[in-house]
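Undergrad: Attaching a single structure in structure tokens format; questions to follow.
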Amino acid sequence: MIIDMHCHIDLYKNPQEVIKDCIESDIYVLSVTTTPKAWKITNDIAKDAKKIRTALGFHPQIIAQRYNELELFDELLPNVKYVGEIGLDGSRECLDTFETQLSGFRRIIKSIHQRGGRIMSIHSRNAAETVLSELHNVNGISILHWFSGSKTELTTAINQGCWFSVGLPMLKSKKGKEIVSHIPKGKILTETDAPFTKHDGNISMPWDIELIFPELSNIWHSSIEDTKEQIFSNFKTLVINNNMKEDIIS
Ligand code: MN
């Protein structure tokens, strides 16, 4: 079984077909959403797929224009074990909404904390320091998706017990490789961030996760088999430690 820990299945043109292919190829997918309103339908279309989990999300680039959906987020939270994509985006084009993003993110993680924590897929582009300080001591597990922070921020994240989901674009870049080489092997999971990413000019698909293993093998100086086994074992650790054994499929 391979694992795509951050994929926007609902944003493909043909989500149903993608789901069918994921079932056939035995792929575990954390299907992240970008708005609370998208959660129900995204969850419904995957209800027959045992290995697809739908996360309740509110993307930092969207939260400011749909702020009133925070109420729906709180309403839905008791139904879900996974939250994502949430976080902050401090890129230049998002700076005008940063304060709103921050107040929304604070509300979200406060709700999560009060409900005992969740497994969270976190966006932290150009905002890792703030994201990490907000998440400090919050109940739950943070999986930093496509982490691109500084060395200091990386050290803070590792010390806070964060997990990391890494994809092909990250592993193809010099900075990304450098980051991955400093993360403890046991805290790494794989992701596509599809359909926002491309491979050889085509939109990435969850089964493109296979392309990640040779890259990770190079960094770890391990065989592709051992690399795959390490990622699967990391995933098992994550779900067993969080009482989600039903997510384990042998
Ligand atoms: Mn994403």
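Each chain of the structure tokens is named A, B, ... in the order shown, its residues numbered from 1; ligands are numbered from 1 in display order.
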Using only C-alpha atoms, which residues sit within 12 Å of region 9-17 of chain A once same-chain residues fewer than 6 positions away are excluded, as a ChimeraX atom specification?
TA: /A:23-24,29-35,37-49,52-55,192-197,203-206
Undergrad: Would you save the residues from that selection as a tab-separated table (two decimals), in the first residue's frame, using C-alpha atoms?
TA:
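As written to disk, result-v9.tsv reads:
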chain	number	residue	atom	x	y	z
A	23	ILE	CA	-9.29	1.65	-4.79
A	24	GLU	CA	-7.99	-0.58	-7.59
A	29	VAL	CA	-5.41	8.90	0.42
A	30	LEU	CA	-5.93	11.72	2.85
A	31	SER	CA	-8.41	13.69	0.79
A	32	VAL	CA	-8.00	17.27	1.98
A	33	THR	CA	-10.56	19.99	1.36
A	34	THR	CA	-10.22	23.75	1.06
A	35	THR	CA	-13.55	24.91	2.52
A	37	LYS	CA	-18.70	23.51	2.60
A	38	ALA	CA	-16.74	21.09	0.40
A	39	TRP	CA	-16.36	18.50	3.13
A	40	LYS	CA	-19.74	16.75	2.95
A	41	ILE	CA	-19.84	16.06	-0.76
A	42	THR	CA	-16.15	15.11	-0.81
A	43	ASN	CA	-16.75	12.71	2.06
A	44	ASP	CA	-19.87	11.31	0.39
A	45	ILE	CA	-18.21	10.48	-2.93
A	46	ALA	CA	-15.53	8.49	-1.12
A	47	LYS	CA	-17.82	6.70	1.32
A	48	ASP	CA	-17.29	3.27	-0.31
A	49	ALA	CA	-13.53	3.70	-0.40
A	52	ILE	CA	-9.76	7.28	1.54
A	53	ARG	CA	-10.21	9.61	4.49
A	54	THR	CA	-11.75	13.03	3.98
A	55	ALA	CA	-10.22	15.83	6.01
A	192	THR	CA	1.16	14.65	-4.14
A	193	ASP	CA	-0.76	17.90	-3.41
A	194	ALA	CA	-2.53	17.01	-6.64
A	195	PRO	CA	-4.13	18.26	-8.80
A	196	PHE	CA	-2.02	21.39	-8.15
A	197	THR	CA	1.21	19.62	-9.09
A	203	ILE	CA	-1.43	16.64	-13.63
A	204	SER	CA	-0.13	14.44	-10.82
A	205	MET	CA	-2.18	11.47	-9.69
A	206	PRO	CA	-2.10	9.65	-6.33
Undergrad: Near region 102-116 of chain A, counting only C-alpha atoms, which residues have an atom at most 10 Å away, once you skip same-chain residues fewer than 3 positions from it, shown as a PyMOL selection string?
TA: chain A and resi 57-60+63-64+67-68+70-71+73-74+77-78+83+86-89+97-99+119-120+130-131+134-135+137-140
Undergrad: Please, could you write that set of residues out with C-alpha atoms as a tab-separated table (two decimals), in the first residue's frame?
TA:
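Saved file part.tsv follows:
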chain	number	residue	atom	x	y	z
A	57	GLY	CA	-10.24	21.93	5.74
A	58	PHE	CA	-10.17	25.66	5.37
A	59	HIS	CA	-7.35	26.84	3.12
A	60	PRO	CA	-5.55	30.02	4.25
A	63	ILE	CA	-10.54	31.74	4.61
A	64	ALA	CA	-10.74	35.55	4.42
A	67	TYR	CA	-14.94	33.69	7.00
A	68	ASN	CA	-18.53	32.90	8.00
A	70	LEU	CA	-16.00	28.94	10.37
A	71	GLU	CA	-19.32	28.13	12.02
A	73	PHE	CA	-16.23	24.09	10.47
A	74	ASP	CA	-17.09	23.89	14.17
A	77	LEU	CA	-15.49	18.97	13.49
A	78	PRO	CA	-17.01	16.31	15.81
A	83	VAL	CA	-8.36	18.24	9.51
A	86	ILE	CA	-5.43	24.57	7.26
A	87	GLY	CA	-2.68	27.00	8.14
A	88	LEU	CA	-1.27	30.36	7.12
A	89	ASP	CA	0.17	31.76	3.91
A	97	THR	CA	-5.41	38.92	4.34
A	98	PHE	CA	-2.80	37.73	6.82
A	99	GLU	CA	-4.47	39.13	9.94
A	119	ILE	CA	-4.49	14.83	12.78
A	120	MET	CA	-3.89	18.04	10.83
A	130	THR	CA	3.93	31.92	13.15
A	131	VAL	CA	2.26	28.61	12.30
A	134	GLU	CA	0.35	29.00	17.14
A	135	LEU	CA	0.44	25.19	17.09
A	137	ASN	CA	0.96	22.87	22.82
A	138	VAL	CA	-2.19	22.43	20.74
A	139	ASN	CA	-3.68	18.93	21.06
A	140	GLY	CA	-3.29	16.78	18.00
Undergrad: Grab me every residue within 7 Å of ligand 1, counting only C-alpha atoms and all ligand atoms, and send it over as a PyMOL selection string.
TA: chain A and resi 6-8+85+193
Undergrad: Store the residues picked out above, limited to all heavy atoms, as a tab-separated table (two decimals), in the first residue's frame.
TA:
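Printed below is part.tsv as written:
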chain	number	residue	atom	x	y	z
A	6	HIS	N	-1.73	14.01	1.24
A	6	HIS	CA	-2.28	15.35	0.97
A	6	HIS	C	-2.65	15.43	-0.51
A	6	HIS	O	-1.83	15.74	-1.36
A	6	HIS	CB	-1.26	16.43	1.35
A	6	HIS	CG	-1.78	17.84	1.24
A	6	HIS	ND1	-2.05	18.64	2.34
A	6	HIS	CD2	-2.08	18.60	0.17
A	6	HIS	CE1	-2.48	19.82	1.93
A	6	HIS	NE2	-2.51	19.83	0.61
A	7	CYS	N	-3.91	15.17	-0.78
A	7	CYS	CA	-4.40	15.21	-2.17
A	7	CYS	C	-5.78	15.84	-2.19
A	7	CYS	O	-6.61	15.53	-1.34
A	7	CYS	CB	-4.46	13.78	-2.72
A	7	CYS	SG	-5.05	13.70	-4.43
A	8	HIS	N	-6.00	16.75	-3.14
A	8	HIS	CA	-7.31	17.41	-3.27
A	8	HIS	C	-8.17	16.65	-4.29
A	8	HIS	O	-8.37	17.13	-5.41
A	8	HIS	CB	-7.13	18.85	-3.74
A	8	HIS	CG	-6.32	19.70	-2.81
A	8	HIS	ND1	-6.90	20.54	-1.88
A	8	HIS	CD2	-4.99	19.86	-2.65
A	8	HIS	CE1	-5.95	21.18	-1.20
A	8	HIS	NE2	-4.79	20.78	-1.65
A	85	GLU	N	-6.97	21.09	4.48
A	85	GLU	CA	-5.78	21.86	4.64
A	85	GLU	C	-6.08	23.13	5.41
A	85	GLU	O	-6.99	23.88	5.05
A	85	GLU	CB	-5.24	22.16	3.22
A	85	GLU	CG	-4.06	23.08	3.15
A	85	GLU	CD	-3.43	23.07	1.73
A	85	GLU	OE1	-4.01	22.47	0.81
A	85	GLU	OE2	-2.37	23.69	1.58
A	193	ASP	N	-0.13	16.58	-3.30
A	193	ASP	CA	-0.76	17.90	-3.41
A	193	ASP	C	-1.44	18.07	-4.77
A	193	ASP	O	-1.59	19.18	-5.28
A	193	ASP	CB	0.22	19.05	-3.15
A	193	ASP	CG	-0.50	20.36	-2.80
A	193	ASP	OD1	-1.69	20.32	-2.46
A	193	ASP	OD2	0.15	21.42	-2.88
Undergrad: Please report, as a PyMOL selection string, each residue of region 11-249 of chain A to which DSSP assigns alpha helix (DSSP H) when run on this structure's backbone.
TA: chain A and resi 15-24+36-45+70-76+98-114+128-135+151-159+168-172+174-182+212-220+224-241
Undergrad: Could you give me, as an mmCIF file with all heavy atoms, in the first residue's frame, the residues within 9 Å of region 161-165 of chain A, counting only C-alpha atoms and dropping anything in the same chain fewer than 6 positions from it?
TA:
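And here's out.cif as it stands now:
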data_model
loop_
_atom_site.group_PDB
_atom_site.id
_atom_site.type_symbol
_atom_site.label_atom_id
_atom_site.label_comp_id
_atom_site.auth_asym_id
_atom_site.auth_seq_id
_atom_site.Cartn_x
_atom_site.Cartn_y
_atom_site.Cartn_z
ATOM 1 N N ASP A 4 -0.846 8.637 0.002
ATOM 2 C CA ASP A 4 -0.857 10.047 -0.420
ATOM 3 C C ASP A 4 -1.512 10.842 0.699
ATOM 4 O O ASP A 4 -2.733 10.848 0.850
ATOM 5 C CB ASP A 4 -1.625 10.209 -1.742
ATOM 6 C CG ASP A 4 -1.506 11.630 -2.286
ATOM 7 O OD1 ASP A 4 -1.024 12.511 -1.543
ATOM 8 O OD2 ASP A 4 -1.903 11.849 -3.447
ATOM 9 N N MET A 5 -0.692 11.496 1.504
ATOM 10 C CA MET A 5 -1.178 12.132 2.726
ATOM 11 C C MET A 5 -1.717 13.550 2.508
ATOM 12 O O MET A 5 -2.145 14.199 3.449
ATOM 13 C CB MET A 5 -0.024 12.147 3.748
ATOM 14 C CG MET A 5 -0.466 12.067 5.173
ATOM 15 S SD MET A 5 -1.357 10.521 5.537
ATOM 16 C CE MET A 5 -2.073 10.943 7.130
ATOM 17 N N HIS A 6 -1.732 14.008 1.239
ATOM 18 C CA HIS A 6 -2.279 15.348 0.974
ATOM 19 C C HIS A 6 -2.652 15.433 -0.506
ATOM 20 O O HIS A 6 -1.827 15.737 -1.357
ATOM 21 C CB HIS A 6 -1.264 16.431 1.347
ATOM 22 C CG HIS A 6 -1.776 17.842 1.244
ATOM 23 N ND1 HIS A 6 -2.052 18.640 2.343
ATOM 24 C CD2 HIS A 6 -2.080 18.604 0.167
ATOM 25 C CE1 HIS A 6 -2.483 19.825 1.933
ATOM 26 N NE2 HIS A 6 -2.511 19.831 0.605
ATOM 27 N N SER A 121 -3.317 18.427 8.503
ATOM 28 C CA SER A 121 -2.408 18.684 7.390
ATOM 29 C C SER A 121 -2.272 20.201 7.259
ATOM 30 O O SER A 121 -3.251 20.915 7.036
ATOM 31 C CB SER A 121 -2.958 18.071 6.104
ATOM 32 O OG SER A 121 -2.005 18.208 5.071
ATOM 33 N N ILE A 141 -1.953 16.128 16.124
ATOM 34 C CA ILE A 141 -0.718 15.861 15.386
ATOM 35 C C ILE A 141 -0.665 16.803 14.188
ATOM 36 O O ILE A 141 -1.608 16.851 13.394
ATOM 37 C CB ILE A 141 -0.713 14.415 14.838
ATOM 38 C CG1 ILE A 141 -0.858 13.384 15.963
ATOM 39 C CG2 ILE A 141 0.531 14.160 13.979
ATOM 40 C CD1 ILE A 141 0.384 13.179 16.780
ATOM 41 N N SER A 142 0.428 17.544 14.073
ATOM 42 C CA SER A 142 0.589 18.431 12.920
ATOM 43 C C SER A 142 1.455 17.747 11.875
ATOM 44 O O SER A 142 2.571 17.323 12.168
ATOM 45 C CB SER A 142 1.287 19.727 13.333
ATOM 46 O OG SER A 142 0.555 20.367 14.346
ATOM 47 N N ILE A 143 0.915 17.662 10.669
ATOM 48 C CA ILE A 143 1.719 17.184 9.541
ATOM 49 C C ILE A 143 1.971 18.393 8.648
ATOM 50 O O ILE A 143 1.038 18.928 8.047
ATOM 51 C CB ILE A 143 0.998 16.086 8.740
ATOM 52 C CG1 ILE A 143 0.566 14.933 9.657
ATOM 53 C CG2 ILE A 143 1.909 15.571 7.611
ATOM 54 C CD1 ILE A 143 -0.308 13.893 8.959
ATOM 55 N N LEU A 144 3.202 18.852 8.627
ATOM 56 C CA LEU A 144 3.528 20.024 7.814
ATOM 57 C C LEU A 144 3.654 19.572 6.365
ATOM 58 O O LEU A 144 4.499 18.754 6.029
ATOM 59 C CB LEU A 144 4.825 20.660 8.301
ATOM 60 C CG LEU A 144 4.783 21.148 9.761
ATOM 61 C CD1 LEU A 144 6.170 21.581 10.211
ATOM 62 C CD2 LEU A 144 3.783 22.285 9.937
ATOM 63 N N HIS A 145 2.766 20.108 5.534
ATOM 64 C CA HIS A 145 2.728 19.697 4.140
ATOM 65 C C HIS A 145 3.633 20.616 3.325
ATOM 66 O O HIS A 145 3.604 21.825 3.514
ATOM 67 C CB HIS A 145 1.245 19.686 3.690
ATOM 68 C CG HIS A 145 0.923 20.459 2.470
ATOM 69 N ND1 HIS A 145 1.237 19.991 1.228
ATOM 70 C CD2 HIS A 145 0.327 21.656 2.304
ATOM 71 C CE1 HIS A 145 0.831 20.890 0.338
ATOM 72 N NE2 HIS A 145 0.284 21.906 0.963
ATOM 73 N N TRP A 146 4.497 20.021 2.476
ATOM 74 C CA TRP A 146 5.405 20.773 1.597
ATOM 75 C C TRP A 146 6.142 21.864 2.374
ATOM 76 O O TRP A 146 6.156 23.036 1.968
ATOM 77 C CB TRP A 146 4.603 21.370 0.431
ATOM 78 C CG TRP A 146 5.403 21.739 -0.776
ATOM 79 C CD1 TRP A 146 6.724 22.073 -0.849
ATOM 80 C CD2 TRP A 146 4.909 21.823 -2.131
ATOM 81 N NE1 TRP A 146 7.068 22.354 -2.148
ATOM 82 C CE2 TRP A 146 5.986 22.215 -2.952
ATOM 83 C CE3 TRP A 146 3.657 21.606 -2.726
ATOM 84 C CZ2 TRP A 146 5.844 22.399 -4.327
ATOM 85 C CZ3 TRP A 146 3.518 21.795 -4.083
ATOM 86 C CH2 TRP A 146 4.600 22.189 -4.882
ATOM 87 N N PHE A 147 6.760 21.480 3.467
ATOM 88 C CA PHE A 147 7.428 22.465 4.325
ATOM 89 C C PHE A 147 8.574 23.145 3.574
ATOM 90 O O PHE A 147 9.385 22.497 2.928
ATOM 91 C CB PHE A 147 7.969 21.772 5.579
ATOM 92 C CG PHE A 147 8.591 22.710 6.574
ATOM 93 C CD1 PHE A 147 7.798 23.473 7.413
ATOM 94 C CD2 PHE A 147 9.977 22.852 6.660
ATOM 95 C CE1 PHE A 147 8.362 24.354 8.325
ATOM 96 C CE2 PHE A 147 10.554 23.724 7.569
ATOM 97 C CZ PHE A 147 9.737 24.474 8.405
ATOM 98 N N VAL A 180 14.574 17.734 3.683
ATOM 99 C CA VAL A 180 14.224 16.333 3.922
ATOM 100 C C VAL A 180 15.368 15.571 4.591
ATOM 101 O O VAL A 180 15.155 14.736 5.469
ATOM 102 C CB VAL A 180 13.780 15.644 2.608
ATOM 103 C CG1 VAL A 180 13.612 14.145 2.794
ATOM 104 C CG2 VAL A 180 12.475 16.260 2.096
ATOM 105 N N ILE A 183 15.192 15.877 8.377
ATOM 106 C CA ILE A 183 14.006 15.412 9.118
ATOM 107 C C ILE A 183 14.235 13.967 9.558
ATOM 108 O O ILE A 183 14.714 13.158 8.772
ATOM 109 C CB ILE A 183 12.738 15.488 8.226
ATOM 110 C CG1 ILE A 183 12.486 16.927 7.755
ATOM 111 C CG2 ILE A 183 11.518 14.952 8.973
ATOM 112 C CD1 ILE A 183 11.376 17.044 6.701
ATOM 113 N N GLY A 186 11.610 8.751 10.656
ATOM 114 C CA GLY A 186 10.350 8.246 11.206
ATOM 115 C C GLY A 186 9.219 9.253 11.188
ATOM 116 O O GLY A 186 8.110 8.951 11.622
ATOM 117 N N LYS A 187 9.480 10.481 10.731
ATOM 118 C CA LYS A 187 8.447 11.513 10.754
ATOM 119 C C LYS A 187 8.029 11.947 9.345
ATOM 120 O O LYS A 187 7.407 12.987 9.166
ATOM 121 C CB LYS A 187 8.944 12.733 11.547
ATOM 122 C CG LYS A 187 8.966 12.495 13.067
ATOM 123 C CD LYS A 187 7.552 12.311 13.592
ATOM 124 C CE LYS A 187 7.460 12.010 15.071
ATOM 125 N NZ LYS A 187 7.723 13.137 15.939
ATOM 126 N N ILE A 188 8.416 11.143 8.351
ATOM 127 C CA ILE A 188 8.133 11.534 6.973
ATOM 128 C C ILE A 188 7.039 10.682 6.352
ATOM 129 O O ILE A 188 7.009 9.461 6.506
ATOM 130 C CB ILE A 188 9.430 11.479 6.120
ATOM 131 C CG1 ILE A 188 10.392 12.575 6.588
ATOM 132 C CG2 ILE A 188 9.126 11.624 4.628
ATOM 133 C CD1 ILE A 188 11.609 12.786 5.721
ATOM 134 N N LEU A 189 6.111 11.343 5.678
ATOM 135 C CA LEU A 189 5.063 10.682 4.895
ATOM 136 C C LEU A 189 5.110 11.253 3.478
ATOM 137 O O LEU A 189 5.761 12.271 3.242
ATOM 138 C CB LEU A 189 3.690 10.940 5.535
ATOM 139 C CG LEU A 189 3.522 10.339 6.942
ATOM 140 C CD1 LEU A 189 2.329 10.957 7.642
ATOM 141 C CD2 LEU A 189 3.388 8.815 6.873
ATOM 142 N N THR A 190 4.406 10.598 2.550
ATOM 143 C CA THR A 190 4.444 11.029 1.146
ATOM 144 C C THR A 190 3.138 11.722 0.750
ATOM 145 O O THR A 190 2.074 11.436 1.307
ATOM 146 C CB THR A 190 4.675 9.797 0.250
ATOM 147 O OG1 THR A 190 3.816 8.735 0.680
ATOM 148 C CG2 THR A 190 6.107 9.331 0.320
ATOM 149 N N GLU A 191 3.234 12.644 -0.216
ATOM 150 C CA GLU A 191 2.053 13.389 -0.675
ATOM 151 C C GLU A 191 2.215 13.779 -2.140
ATOM 152 O O GLU A 191 3.333 13.822 -2.674
ATOM 153 C CB GLU A 191 1.868 14.671 0.143
ATOM 154 C CG GLU A 191 2.983 15.699 -0.101
ATOM 155 C CD GLU A 191 2.627 17.119 0.338
ATOM 156 O OE1 GLU A 191 2.053 17.282 1.426
ATOM 157 O OE2 GLU A 191 2.951 18.054 -0.413
ATOM 158 N N THR A 192 1.089 14.093 -2.779
ATOM 159 C CA THR A 192 1.160 14.652 -4.144
ATOM 160 C C THR A 192 0.777 16.137 -4.188
ATOM 161 O O THR A 192 1.217 16.860 -5.052
ATOM 162 C CB THR A 192 0.199 13.923 -5.119
ATOM 163 O OG1 THR A 192 -1.133 14.030 -4.609
ATOM 164 C CG2 THR A 192 0.602 12.478 -5.312
#
